[in-house]
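Enquirer: The following file, upload_28.cif, comprises mmCIF, C-alpha atoms:
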data_input
#
loop_
_atom_site.group_PDB
_atom_site.id
_atom_site.type_symbol
_atom_site.label_atom_id
_atom_site.label_comp_id
_atom_site.auth_asym_id
_atom_site.auth_seq_id
_atom_site.Cartn_x
_atom_site.Cartn_y
_atom_site.Cartn_z
ATOM 1 C CA MET A 1299 59.761 -35.047 -19.293
ATOM 2 C CA HIS A 1300 57.203 -32.945 -17.453
ATOM 3 C CA ALA A 1301 57.994 -30.607 -14.574
ATOM 4 C CA ILE A 1302 56.427 -27.808 -12.576
ATOM 5 C CA THR A 1303 57.859 -24.500 -13.774
ATOM 6 C CA ILE A 1304 57.499 -20.957 -12.458
ATOM 7 C CA PRO A 1305 57.410 -18.606 -15.482
ATOM 8 C CA GLU A 1306 56.620 -15.640 -13.218
ATOM 9 C CA PRO A 1307 56.536 -15.369 -9.398
ATOM 10 C CA GLY A 1308 53.122 -15.253 -7.772
ATOM 11 C CA GLY A 1309 50.466 -17.263 -5.997
ATOM 12 C CA PRO A 1310 49.886 -21.005 -6.350
ATOM 13 C CA GLU A 1311 48.535 -20.421 -9.859
ATOM 14 C CA ALA A 1312 52.101 -19.443 -10.875
ATOM 15 C CA LEU A 1313 53.016 -23.145 -10.836
ATOM 16 C CA VAL A 1314 52.781 -24.481 -14.402
ATOM 17 C CA TRP A 1315 52.837 -28.141 -15.505
ATOM 18 C CA ASP A 1316 55.063 -28.059 -18.581
ATOM 19 C CA GLU A 1317 57.094 -30.223 -20.926
ATOM 20 C CA VAL A 1318 60.829 -29.574 -20.483
ATOM 21 C CA PRO A 1319 64.150 -31.162 -21.533
ATOM 22 C CA ASP A 1320 65.294 -34.244 -19.639
ATOM 23 C CA PRO A 1321 68.189 -33.615 -17.228
ATOM 24 C CA VAL A 1322 71.535 -35.272 -17.958
ATOM 25 C CA PRO A 1323 73.619 -36.549 -15.027
ATOM 26 C CA GLY A 1324 77.018 -34.914 -14.819
ATOM 27 C CA GLU A 1325 80.217 -35.965 -13.100
ATOM 28 C CA GLY A 1326 79.386 -37.623 -9.783
ATOM 29 C CA GLU A 1327 75.609 -37.506 -10.384
ATOM 30 C CA VAL A 1328 72.866 -40.040 -10.991
ATOM 31 C CA LEU A 1329 69.573 -39.657 -12.824
ATOM 32 C CA VAL A 1330 66.532 -40.476 -10.708
ATOM 33 C CA GLU A 1331 63.079 -41.212 -12.111
ATOM 34 C CA VAL A 1332 60.933 -39.446 -9.538
ATOM 35 C CA VAL A 1333 58.091 -41.328 -7.882
ATOM 36 C CA ALA A 1334 57.277 -38.669 -5.288
ATOM 37 C CA GLY A 1335 58.454 -35.325 -3.965
ATOM 38 C CA ALA A 1336 57.366 -33.148 -1.053
ATOM 39 C CA VAL A 1337 56.283 -29.560 -0.444
ATOM 40 C CA ASN A 1338 58.542 -27.417 1.730
ATOM 41 C CA ARG A 1339 58.181 -23.797 2.825
ATOM 42 C CA ALA A 1340 61.230 -22.994 0.709
ATOM 43 C CA ASP A 1341 59.251 -24.037 -2.389
ATOM 44 C CA ILE A 1342 56.564 -21.515 -1.517
ATOM 45 C CA MET A 1343 59.168 -18.792 -1.044
ATOM 46 C CA GLN A 1344 60.704 -19.671 -4.417
ATOM 47 C CA ARG A 1345 57.281 -19.522 -6.096
ATOM 48 C CA GLN A 1346 56.744 -16.075 -4.585
ATOM 49 C CA GLY A 1347 60.091 -14.862 -5.938
ATOM 50 C CA HIS A 1348 61.850 -14.659 -2.548
ATOM 51 C CA TYR A 1349 64.219 -17.651 -2.671
ATOM 52 C CA ASP A 1350 66.141 -18.287 -5.863
ATOM 53 C CA PRO A 1351 67.924 -21.628 -6.369
ATOM 54 C CA PRO A 1352 71.692 -21.528 -5.795
ATOM 55 C CA PRO A 1353 73.943 -21.203 -8.876
ATOM 56 C CA GLY A 1354 73.955 -24.345 -10.984
ATOM 57 C CA ALA A 1355 70.868 -25.874 -9.359
ATOM 58 C CA SER A 1356 67.683 -26.802 -11.210
ATOM 59 C CA ARG A 1357 65.272 -23.904 -11.646
ATOM 60 C CA TYR A 1358 62.320 -26.149 -10.839
ATOM 61 C CA PRO A 1359 61.177 -26.219 -7.195
ATOM 62 C CA GLY A 1360 61.494 -29.270 -4.971
ATOM 63 C CA LEU A 1361 64.126 -29.987 -2.316
ATOM 64 C CA GLU A 1362 63.626 -33.739 -1.918
ATOM 65 C CA CYS A 1363 62.300 -36.749 -3.776
ATOM 66 C CA SER A 1364 62.143 -40.522 -3.920
ATOM 67 C CA GLY A 1365 62.393 -42.766 -6.946
ATOM 68 C CA ARG A 1366 64.596 -45.163 -8.911
ATOM 69 C CA ILE A 1367 68.022 -44.637 -10.417
ATOM 70 C CA THR A 1368 67.858 -44.854 -14.229
ATOM 71 C CA ALA A 1369 71.389 -43.761 -15.177
ATOM 72 C CA LEU A 1370 74.798 -43.172 -13.609
ATOM 73 C CA GLY A 1371 76.985 -40.225 -14.509
ATOM 74 C CA PRO A 1372 80.785 -40.448 -14.792
ATOM 75 C CA GLY A 1373 82.648 -41.239 -11.591
ATOM 76 C CA VAL A 1374 79.718 -42.689 -9.628
ATOM 77 C CA SER A 1375 80.260 -45.846 -7.595
ATOM 78 C CA GLY A 1376 78.257 -47.615 -4.909
ATOM 79 C CA TRP A 1377 74.931 -47.179 -6.713
ATOM 80 C CA ALA A 1378 73.296 -49.120 -9.548
ATOM 81 C CA VAL A 1379 70.535 -48.583 -12.085
ATOM 82 C CA GLY A 1380 67.284 -49.770 -10.510
ATOM 83 C CA ASP A 1381 68.213 -48.846 -6.922
ATOM 84 C CA GLU A 1382 65.308 -47.341 -4.980
ATOM 85 C CA VAL A 1383 66.454 -44.140 -3.321
ATOM 86 C CA CYS A 1384 65.431 -40.861 -1.754
ATOM 87 C CA ALA A 1385 67.468 -37.718 -2.154
ATOM 88 C CA LEU A 1386 68.219 -34.279 -0.766
ATOM 89 C CA LEU A 1387 68.079 -31.725 -3.597
ATOM 90 C CA ALA A 1388 69.004 -28.104 -4.258
ATOM 91 C CA GLY A 1389 66.030 -28.021 -6.648
ATOM 92 C CA GLY A 1390 64.276 -30.069 -9.305
ATOM 93 C CA GLY A 1391 62.075 -32.342 -7.211
ATOM 94 C CA TYR A 1392 58.843 -31.153 -8.865
ATOM 95 C CA ALA A 1393 59.674 -33.121 -12.016
ATOM 96 C CA GLU A 1394 59.510 -36.595 -13.491
ATOM 97 C CA LYS A 1395 63.311 -36.883 -13.512
ATOM 98 C CA VAL A 1396 66.117 -35.178 -11.617
ATOM 99 C CA ALA A 1397 69.921 -35.313 -11.623
ATOM 100 C CA VAL A 1398 71.274 -35.781 -8.104
ATOM 101 C CA PRO A 1399 74.822 -35.627 -6.688
ATOM 102 C CA ALA A 1400 75.596 -39.151 -5.477
ATOM 103 C CA GLY A 1401 76.554 -37.848 -2.032
ATOM 104 C CA GLN A 1402 72.969 -36.667 -1.508
ATOM 105 C CA LEU A 1403 71.375 -40.069 -2.133
ATOM 106 C CA LEU A 1404 69.986 -42.328 0.555
ATOM 107 C CA PRO A 1405 68.619 -45.849 0.188
ATOM 108 C CA VAL A 1406 64.935 -46.206 0.970
ATOM 109 C CA PRO A 1407 64.897 -47.317 4.621
ATOM 110 C CA GLN A 1408 63.750 -50.824 5.442
ATOM 111 C CA GLY A 1409 60.038 -50.830 6.236
ATOM 112 C CA VAL A 1410 59.346 -47.501 4.498
ATOM 113 C CA ASP A 1411 57.362 -47.424 1.261
ATOM 114 C CA LEU A 1412 59.009 -45.754 -1.742
ATOM 115 C CA VAL A 1413 56.455 -42.936 -1.972
ATOM 116 C CA GLN A 1414 56.598 -42.106 1.730
ATOM 117 C CA ALA A 1415 60.396 -42.054 1.607
ATOM 118 C CA ALA A 1416 60.039 -38.700 -0.198
ATOM 119 C CA ALA A 1417 59.010 -37.231 3.163
ATOM 120 C CA LEU A 1418 62.381 -38.000 4.744
ATOM 121 C CA PRO A 1419 65.468 -36.314 3.235
ATOM 122 C CA GLU A 1420 64.833 -32.649 4.022
ATOM 123 C CA VAL A 1421 63.419 -33.167 7.521
ATOM 124 C CA THR A 1422 65.961 -35.757 8.670
ATOM 125 C CA CYS A 1423 68.903 -33.740 7.347
ATOM 126 C CA THR A 1424 67.581 -30.479 8.813
ATOM 127 C CA VAL A 1425 66.831 -31.933 12.238
ATOM 128 C CA TRP A 1426 69.951 -34.060 12.547
ATOM 129 C CA SER A 1427 72.313 -31.310 11.413
ATOM 130 C CA ASN A 1428 70.801 -28.614 13.637
ATOM 131 C CA VAL A 1429 69.627 -30.411 16.755
ATOM 132 C CA PHE A 1430 72.411 -32.967 17.027
ATOM 133 C CA MET A 1431 75.437 -31.911 14.940
ATOM 134 C CA VAL A 1432 75.275 -28.196 15.870
ATOM 135 C CA ALA A 1433 73.238 -27.919 19.089
ATOM 136 C CA HIS A 1434 74.392 -31.294 20.499
ATOM 137 C CA LEU A 1435 71.135 -32.283 22.197
ATOM 138 C CA ARG A 1436 71.918 -34.797 24.945
ATOM 139 C CA PRO A 1437 69.870 -37.407 26.840
ATOM 140 C CA GLY A 1438 67.896 -35.861 29.687
ATOM 141 C CA GLU A 1439 67.836 -32.378 28.132
ATOM 142 C CA THR A 1440 64.718 -30.521 27.009
ATOM 143 C CA LEU A 1441 64.131 -29.625 23.363
ATOM 144 C CA LEU A 1442 61.558 -26.961 22.437
ATOM 145 C CA VAL A 1443 60.276 -27.322 18.868
ATOM 146 C CA HIS A 1444 58.278 -24.496 17.314
ATOM 147 C CA GLY A 1445 55.785 -25.753 14.748
ATOM 148 C CA GLY A 1446 55.672 -29.196 16.309
ATOM 149 C CA SER A 1447 53.112 -30.553 13.846
ATOM 150 C CA SER A 1448 55.101 -29.567 10.738
ATOM 151 C CA GLY A 1449 57.264 -31.969 8.778
ATOM 152 C CA ILE A 1450 60.363 -30.724 10.605
ATOM 153 C CA GLY A 1451 58.543 -30.731 13.934
ATOM 154 C CA THR A 1452 57.175 -34.261 13.709
ATOM 155 C CA MET A 1453 60.650 -35.591 12.884
ATOM 156 C CA ALA A 1454 62.345 -33.527 15.604
ATOM 157 C CA ILE A 1455 59.956 -34.901 18.233
ATOM 158 C CA GLN A 1456 60.709 -38.482 17.266
ATOM 159 C CA LEU A 1457 64.481 -38.126 16.998
ATOM 160 C CA ALA A 1458 64.742 -36.235 20.285
ATOM 161 C CA LYS A 1459 62.675 -38.863 22.085
ATOM 162 C CA ALA A 1460 64.795 -41.629 20.577
ATOM 163 C CA ALA A 1461 67.861 -39.798 21.935
ATOM 164 C CA GLY A 1462 66.418 -39.732 25.458
ATOM 165 C CA ALA A 1463 65.456 -36.046 25.543
ATOM 166 C CA ARG A 1464 62.232 -34.446 26.760
ATOM 167 C CA VAL A 1465 60.265 -32.573 24.096
ATOM 168 C CA ALA A 1466 58.176 -29.409 24.304
ATOM 169 C CA VAL A 1467 56.247 -28.189 21.263
ATOM 170 C CA THR A 1468 54.209 -25.219 20.145
ATOM 171 C CA ALA A 1469 51.275 -25.546 17.754
ATOM 172 C CA GLY A 1470 48.107 -23.597 17.034
ATOM 173 C CA THR A 1471 45.325 -26.125 17.685
ATOM 174 C CA LYS A 1472 44.480 -28.898 20.123
ATOM 175 C CA GLU A 1473 44.299 -31.354 17.241
ATOM 176 C CA LYS A 1474 47.857 -30.571 16.202
ATOM 177 C CA LEU A 1475 49.076 -30.805 19.793
ATOM 178 C CA ASP A 1476 47.368 -34.184 20.140
ATOM 179 C CA HIS A 1477 49.314 -35.422 17.106
ATOM 180 C CA CYS A 1478 52.522 -34.165 18.697
ATOM 181 C CA ALA A 1479 51.693 -36.006 21.919
ATOM 182 C CA GLU A 1480 51.169 -39.240 19.990
ATOM 183 C CA LEU A 1481 54.714 -38.886 18.639
ATOM 184 C CA GLY A 1482 56.158 -38.389 22.122
ATOM 185 C CA ALA A 1483 55.980 -34.674 22.959
ATOM 186 C CA GLU A 1484 55.352 -34.139 26.675
ATOM 187 C CA ILE A 1485 55.014 -30.370 27.018
ATOM 188 C CA LEU A 1486 52.193 -29.160 24.757
ATOM 189 C CA ILE A 1487 51.818 -25.411 24.216
ATOM 190 C CA ASN A 1488 49.062 -23.723 22.199
ATOM 191 C CA TYR A 1489 50.860 -20.581 21.023
ATOM 192 C CA ARG A 1490 47.516 -18.849 20.354
ATOM 193 C CA GLU A 1491 46.471 -19.152 23.999
ATOM 194 C CA GLN A 1492 49.655 -19.638 26.040
ATOM 195 C CA ASP A 1493 53.038 -17.947 26.510
ATOM 196 C CA PHE A 1494 55.620 -20.544 25.554
ATOM 197 C CA VAL A 1495 58.260 -18.903 27.775
ATOM 198 C CA GLU A 1496 56.094 -19.315 30.875
ATOM 199 C CA GLU A 1497 54.964 -22.813 29.937
ATOM 200 C CA VAL A 1498 58.483 -24.112 29.292
ATOM 201 C CA ARG A 1499 59.785 -22.617 32.512
ATOM 202 C CA ARG A 1500 56.868 -24.070 34.465
ATOM 203 C CA ALA A 1501 57.398 -27.530 33.016
ATOM 204 C CA THR A 1502 61.156 -27.467 33.691
ATOM 205 C CA ASP A 1503 61.018 -26.060 37.240
ATOM 206 C CA GLY A 1504 62.273 -22.727 36.002
ATOM 207 C CA ALA A 1505 65.256 -24.080 34.089
ATOM 208 C CA GLY A 1506 64.105 -23.525 30.508
ATOM 209 C CA ALA A 1507 64.840 -25.381 27.286
ATOM 210 C CA ASP A 1508 68.352 -26.657 26.622
ATOM 211 C CA VAL A 1509 67.829 -26.561 22.848
ATOM 212 C CA ILE A 1510 65.244 -24.633 20.818
ATOM 213 C CA LEU A 1511 64.547 -25.444 17.163
ATOM 214 C CA ASP A 1512 63.003 -22.297 15.705
ATOM 215 C CA ASN A 1513 61.319 -21.760 12.343
ATOM 216 C CA MET A 1514 60.028 -18.259 13.134
ATOM 217 C CA GLY A 1515 63.127 -16.092 13.280
ATOM 218 C CA ALA A 1516 62.707 -12.424 14.246
ATOM 219 C CA LYS A 1517 59.263 -12.653 15.846
ATOM 220 C CA TYR A 1518 60.385 -15.184 18.446
ATOM 221 C CA LEU A 1519 63.990 -14.071 18.990
ATOM 222 C CA ASP A 1520 63.560 -12.270 22.311
ATOM 223 C CA ARG A 1521 61.207 -14.867 23.783
ATOM 224 C CA ASN A 1522 63.433 -17.719 22.639
ATOM 225 C CA ILE A 1523 66.353 -16.197 24.567
ATOM 226 C CA ARG A 1524 64.148 -15.893 27.645
ATOM 227 C CA ALA A 1525 63.025 -19.501 27.252
ATOM 228 C CA LEU A 1526 66.579 -20.848 27.053
ATOM 229 C CA ALA A 1527 68.187 -22.671 29.943
ATOM 230 C CA VAL A 1528 71.668 -21.701 31.122
ATOM 231 C CA ASN A 1529 74.100 -22.992 28.473
ATOM 232 C CA GLY A 1530 71.133 -23.303 26.102
ATOM 233 C CA ARG A 1531 71.409 -23.439 22.325
ATOM 234 C CA LEU A 1532 69.007 -21.740 19.903
ATOM 235 C CA ALA A 1533 68.987 -23.181 16.360
ATOM 236 C CA ILE A 1534 67.211 -20.925 13.855
ATOM 237 C CA ILE A 1535 66.121 -22.623 10.628
ATOM 238 C CA GLY A 1536 63.394 -20.326 9.287
ATOM 239 C CA MET A 1537 62.123 -16.778 8.897
ATOM 240 C CA GLN A 1538 58.348 -17.223 8.963
ATOM 241 C CA GLY A 1539 58.166 -14.492 11.597
ATOM 242 C CA GLY A 1540 60.455 -12.015 9.888
ATOM 243 C CA VAL A 1541 64.134 -11.456 9.177
ATOM 244 C CA LYS A 1542 65.141 -8.596 11.500
ATOM 245 C CA GLY A 1543 64.885 -8.750 15.264
ATOM 246 C CA GLU A 1544 66.479 -7.035 18.254
ATOM 247 C CA LEU A 1545 68.847 -9.200 20.272
ATOM 248 C CA ASN A 1546 69.289 -8.538 24.002
ATOM 249 C CA ILE A 1547 72.938 -9.506 24.306
ATOM 250 C CA GLY A 1548 72.809 -9.073 28.072
ATOM 251 C CA ALA A 1549 70.088 -11.706 28.314
ATOM 252 C CA LEU A 1550 72.064 -14.042 26.058
ATOM 253 C CA LEU A 1551 75.213 -13.526 28.124
ATOM 254 C CA SER A 1552 73.312 -14.265 31.337
ATOM 255 C CA LYS A 1553 72.300 -17.622 29.850
ATOM 256 C CA ARG A 1554 75.775 -18.302 28.444
ATOM 257 C CA GLY A 1555 73.691 -19.108 25.388
ATOM 258 C CA ALA A 1556 74.565 -19.815 21.781
ATOM 259 C CA ILE A 1557 72.661 -19.012 18.593
ATOM 260 C CA SER A 1558 73.141 -20.791 15.283
ATOM 261 C CA ALA A 1559 71.349 -20.136 12.007
ATOM 262 C CA THR A 1560 71.655 -22.560 9.124
ATOM 263 C CA SER A 1561 70.145 -23.608 5.825
ATOM 264 C CA LEU A 1562 70.783 -26.670 3.670
ATOM 265 C CA ARG A 1563 70.076 -25.629 0.103
ATOM 266 C CA ALA A 1564 73.134 -23.513 -0.699
ATOM 267 C CA ARG A 1565 75.717 -25.506 1.256
ATOM 268 C CA PRO A 1566 78.701 -26.932 -0.636
ATOM 269 C CA LEU A 1567 78.262 -30.491 -1.913
ATOM 270 C CA GLU A 1568 80.775 -31.896 0.565
ATOM 271 C CA GLU A 1569 78.891 -30.420 3.524
ATOM 272 C CA LYS A 1570 75.585 -31.840 2.293
ATOM 273 C CA ALA A 1571 77.236 -35.223 1.727
ATOM 274 C CA ALA A 1572 78.581 -35.227 5.299
ATOM 275 C CA ILE A 1573 75.109 -34.479 6.692
ATOM 276 C CA VAL A 1574 73.513 -37.156 4.504
ATOM 277 C CA ALA A 1575 76.130 -39.687 5.642
ATOM 278 C CA ALA A 1576 75.440 -38.842 9.300
ATOM 279 C CA VAL A 1577 71.699 -39.228 8.742
ATOM 280 C CA ARG A 1578 72.227 -42.611 7.114
ATOM 281 C CA GLU A 1579 74.366 -43.728 10.046
ATOM 282 C CA HIS A 1580 72.231 -42.431 12.902
ATOM 283 C CA VAL A 1581 68.643 -41.983 11.650
ATOM 284 C CA TRP A 1582 68.184 -44.792 9.128
ATOM 285 C CA PRO A 1583 68.505 -47.549 11.790
ATOM 286 C CA LEU A 1584 65.764 -45.827 13.819
ATOM 287 C CA LEU A 1585 63.492 -45.886 10.769
ATOM 288 C CA ALA A 1586 64.288 -49.531 10.093
ATOM 289 C CA ASP A 1587 63.418 -50.618 13.639
ATOM 290 C CA GLY A 1588 60.242 -48.512 13.776
ATOM 291 C CA HIS A 1589 61.339 -46.032 16.454
ATOM 292 C CA VAL A 1590 60.930 -43.217 13.906
ATOM 293 C CA ARG A 1591 58.552 -42.951 10.956
ATOM 294 C CA PRO A 1592 57.682 -40.466 8.229
ATOM 295 C CA VAL A 1593 54.532 -38.492 9.004
ATOM 296 C CA VAL A 1594 52.519 -37.837 5.836
ATOM 297 C CA ASP A 1595 49.345 -35.771 5.820
ATOM 298 C CA ARG A 1596 48.320 -36.595 2.241
ATOM 299 C CA GLN A 1597 49.449 -37.249 -1.312
ATOM 300 C CA VAL A 1598 48.631 -34.891 -4.199
ATOM 301 C CA PRO A 1599 49.344 -35.459 -7.923
ATOM 302 C CA LEU A 1600 52.457 -33.545 -9.006
ATOM 303 C CA ARG A 1601 50.602 -31.818 -11.842
ATOM 304 C CA ASP A 1602 48.274 -30.367 -9.161
ATOM 305 C CA ALA A 1603 51.114 -28.849 -7.118
ATOM 306 C CA ALA A 1604 49.178 -25.591 -6.849
ATOM 307 C CA SER A 1605 46.558 -27.216 -4.623
ATOM 308 C CA ALA A 1606 49.304 -28.707 -2.461
ATOM 309 C CA HIS A 1607 50.831 -25.246 -2.024
ATOM 310 C CA ARG A 1608 47.455 -23.834 -1.007
ATOM 311 C CA LEU A 1609 47.102 -26.591 1.572
ATOM 312 C CA VAL A 1610 50.520 -25.921 3.086
ATOM 313 C CA GLU A 1611 49.914 -22.172 3.148
ATOM 314 C CA GLU A 1612 46.654 -22.758 5.008
ATOM 315 C CA SER A 1613 48.723 -24.670 7.580
ATOM 316 C CA THR A 1614 46.005 -27.191 8.389
ATOM 317 C CA HIS A 1615 48.190 -30.226 7.626
ATOM 318 C CA VAL A 1616 50.218 -32.396 10.007
ATOM 319 C CA GLY A 1617 53.573 -33.673 8.767
ATOM 320 C CA LYS A 1618 54.411 -33.649 5.077
ATOM 321 C CA VAL A 1619 52.354 -33.087 1.937
ATOM 322 C CA LEU A 1620 53.682 -35.288 -0.860
ATOM 323 C CA LEU A 1621 53.552 -34.825 -4.624
ATOM 324 C CA VAL A 1622 53.250 -38.078 -6.569
ATOM 325 C CA THR A 1623 54.101 -38.397 -10.246
ATOM 326 C CA SER A 1624 51.435 -40.977 -11.127
#
What does the file become when written as structure tokens?
Expert:
Amino acid sequence: MHAITIPEPGGPEALVWDEVPDPVPGEGEVLVEVVAGAVNRADIMQRQGHYDPPPGASRYPGLECSGRITALGPGVSGWAVGDEVCALLAGGGYAEKVAVPAGQLLPVPQGVDLVQAAALPEVTCTVWSNVFMVAHLRPGETLLVHGGSSGIGTMAIQLAKAAGARVAVTAGTKEKLDHCAELGAEILINYREQDFVEEVRRATDGAGADVILDNMGAKYLDRNIRALAVNGRLAIIGMQGGVKGELNIGALLSKRGAISATSLRARPLEEKAAIVAAVREHVWPLLADGHVRPVVDRQVPLRDAASAHRLVEESTHVGKVLLVTS
């Protein structure tokens, strides 16, 4: 098969279209012929040499894909050759074939095209596990999403609205904020021109956000605490703004606040399977009835993954950038 390899870390040009051995499904795995994958920030970090795959995972980048099952490994039940699926991966999505643990498979939702289904696994699992399973967002509460026009952000807006919450977002342009509004965001904050702490407080009569989904990390830590409501929950899922920040514990105590920080890639298989099962139960019906949809900016040929990485690094896209195999 062909896959995108990274012989040496570097810029987008470090991504090499190469011929490599076909994967073989092991115990509890299936082989998926990939139709599409998606670009995530973690892929860019891996390309740069900052985010190695966990032990035993494919060395090729790519944390999600969609395609068709072509073979079943030993011990797999409930799936059949020919099934159309999408999958959460620890790596290997930038390839024509990938071996996937059966617990990380999802059927393509009703009403969603097979290619666009590649935009779903990472964002639905990230949002559902952090916003609902950990932070327990409830109807009537306010969710603040940083990077509202990203793949994670566009899904978080939709799922929070479907759950009866009010959504605030930050983004860097009016165009991106307009896209967020179309998805249901009510409080629109241009982080280049406005202070999100002041804007969230103003929009909530001084209360603040009950849950904050943060992709920035250190840079926003202090302001996120100030933006929290009493009993608020801050869920950190990224480090785009740095890895070390100073925490004002007094401010956190005054809010009776909680901070969680999670990632998906290195979790044990059973934890990933539990998240995938919860997503299938709670999110897949919303996709089937049209309350939630994948947001795709564009499709790029897999062999041209370098251009897709440049696009994502420029941060001009809205939603997901997909990589298609044909």
Enquirer: Return as a tab-separated table the residues of segment 1469-1570 of chain A lying at most 12 Å from segment 1347-1355 of chain A, together with the closest atom-to-atom pair for each and the distance in Å to one decimal, counting only C-alpha atoms, with rows in chain order and ascending residue number.
Expert:
residue	atom	partner	partner_atom	distance
A:Met1537	CA	A:His1348	CA	11.6
A:Ser1561	CA	A:Pro1352	CA	11.9
A:Leu1562	CA	A:Pro1352	CA	10.8
A:Arg1563	CA	A:Pro1352	CA	7.4
A:Ala1564	CA	A:Pro1352	CA	5.7
A:Arg1565	CA	A:Pro1352	CA	9.0
A:Pro1566	CA	A:Pro1352	CA	10.2
A:Leu1567	CA	A:Ala1355	CA	11.5
Enquirer: Once you count all atoms listed in the file, what closest atom pair and distance in Å to one decimal does each residue of segment 1332-1406 of chain A within 10 Å of segment 1603-1606 of chain A have, with rows by chain and rising residue number, as a Markdown table?
Expert:
| residue | atom | partner | partner_atom | distance |
| --- | --- | --- | --- | --- |
| A:Ala1336 | CA | A:Ala1606 | CA | 9.3 |
| A:Val1337 | CA | A:Ala1606 | CA | 7.3 |
| A:Ile1342 | CA | A:Ala1604 | CA | 10.0 |
| A:Tyr1392 | CA | A:Ala1603 | CA | 8.3 |
Enquirer: Can you work out which one of A:Leu1545, A:Ala1417, A:Leu1370, A:Ala1454 has the shortest atom-to-atom distance to Gly1391 of chain A, counting all atoms listed in the file?
Expert: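 Residue with the minimum atom-to-atom distance to Gly1391 of chain A: A:Ala1417.
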Enquirer: Go through A:Pro1592, A:Gly1536, A:Gly1470, A:Gly1482 one by one, measure the shortest atom-to-atom distance of each to Leu1412 of chain A using only C-alpha atoms, and give the residue with the smallest value.
Expert: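 Result for the nearest residue to Leu1412 of chain A: A:Pro1592.
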Enquirer: When the PyMOL selection byres ((chain A and resi 1570-1587) around 7) is applied to the structure above, which residues does it catch, written out as number ranges by chain?
Expert: A: 1401-1402, 1404, 1407-1409, 1422-1423, 1426-1427, 1565-1569, 1588-1591
Enquirer: Skipping near chain neighbours, those fewer than 4 positions away, what residues fall within 7 Å of segment 1471-1481 of chain A using all atoms listed in the file, listed as a VMD selection string?
Expert: chain A and resid 1446 to 1447 1452 1455 to 1456 1486 1488 1616
Enquirer: With all atoms listed in the file as the atoms that count, which of A:Gly1438, A:Gly1540, A:Gly1324, A:Gly1335 lies nearest to Ala1369 of chain A?
Expert: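 The closest residue to Ala1369 of chain A is A:Gly1324.
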Enquirer: Given the file above and the PyMOL selection byres ((chain A and resi 1379) around 10), which residues are selected, and can you give them as a ChimeraX atom specification?
Expert: /A:1328-1330,1366-1370,1377-1378,1380-1382
Enquirer: Which residues come within 12 Å of Tyr1358 of chain A, counting all atoms listed in the file, excluding same-chain residues fewer than 6 positions away, as number ranges by chain?
Expert: A: 1300-1305, 1313-1316, 1318-1319, 1321, 1341-1342, 1344-1345, 1349-1352, 1387-1397
Enquirer: What lies within 12 Å of segment 1517-1519 of chain A using only C-alpha atoms, ignoring chain neighbours under 4 positions off, as a PyMOL selection string?
Expert: chain A and resi 1444+1468+1489+1493-1495+1510-1513+1523-1526+1532-1534+1536-1547+1549-1550+1557-1559
Enquirer: Could you tell me how far atom CA of Val1465 of chain A lies from atom CA of Asp1411 of chain A, in Å and to one decimal?
Expert: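 It comes out at 27.4 Å.
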Enquirer: Would you work out the distance separating atom CA of Glu1496 of chain A from atom CA of Leu1442 of chain A, expressed in Å to one decimal?
Expert: 12.6 Å
Enquirer: Taking all atoms of segment 1366-1384 of chain A that the file lists, what box with edges along x, y and z, padded by 4 Å per side, do you get, with centre and edge lengths in Å to one decimal, as lines of an AutoDock Vina configuration file?
Expert:
center_x = 73.6
center_y = -45.0
center_z = -8.5
size_x = 26.1
size_y = 17.5
size_z = 21.4
Enquirer: Kindly indicate which residue among A:Leu1621, A:Glu1491, A:His1607, A:Ala1466 lies nearest to Ser1364 of chain A, using all atoms listed in the file for the distances.
Expert: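 Answer, going by the shortest atom-to-atom distance: A:Leu1621.
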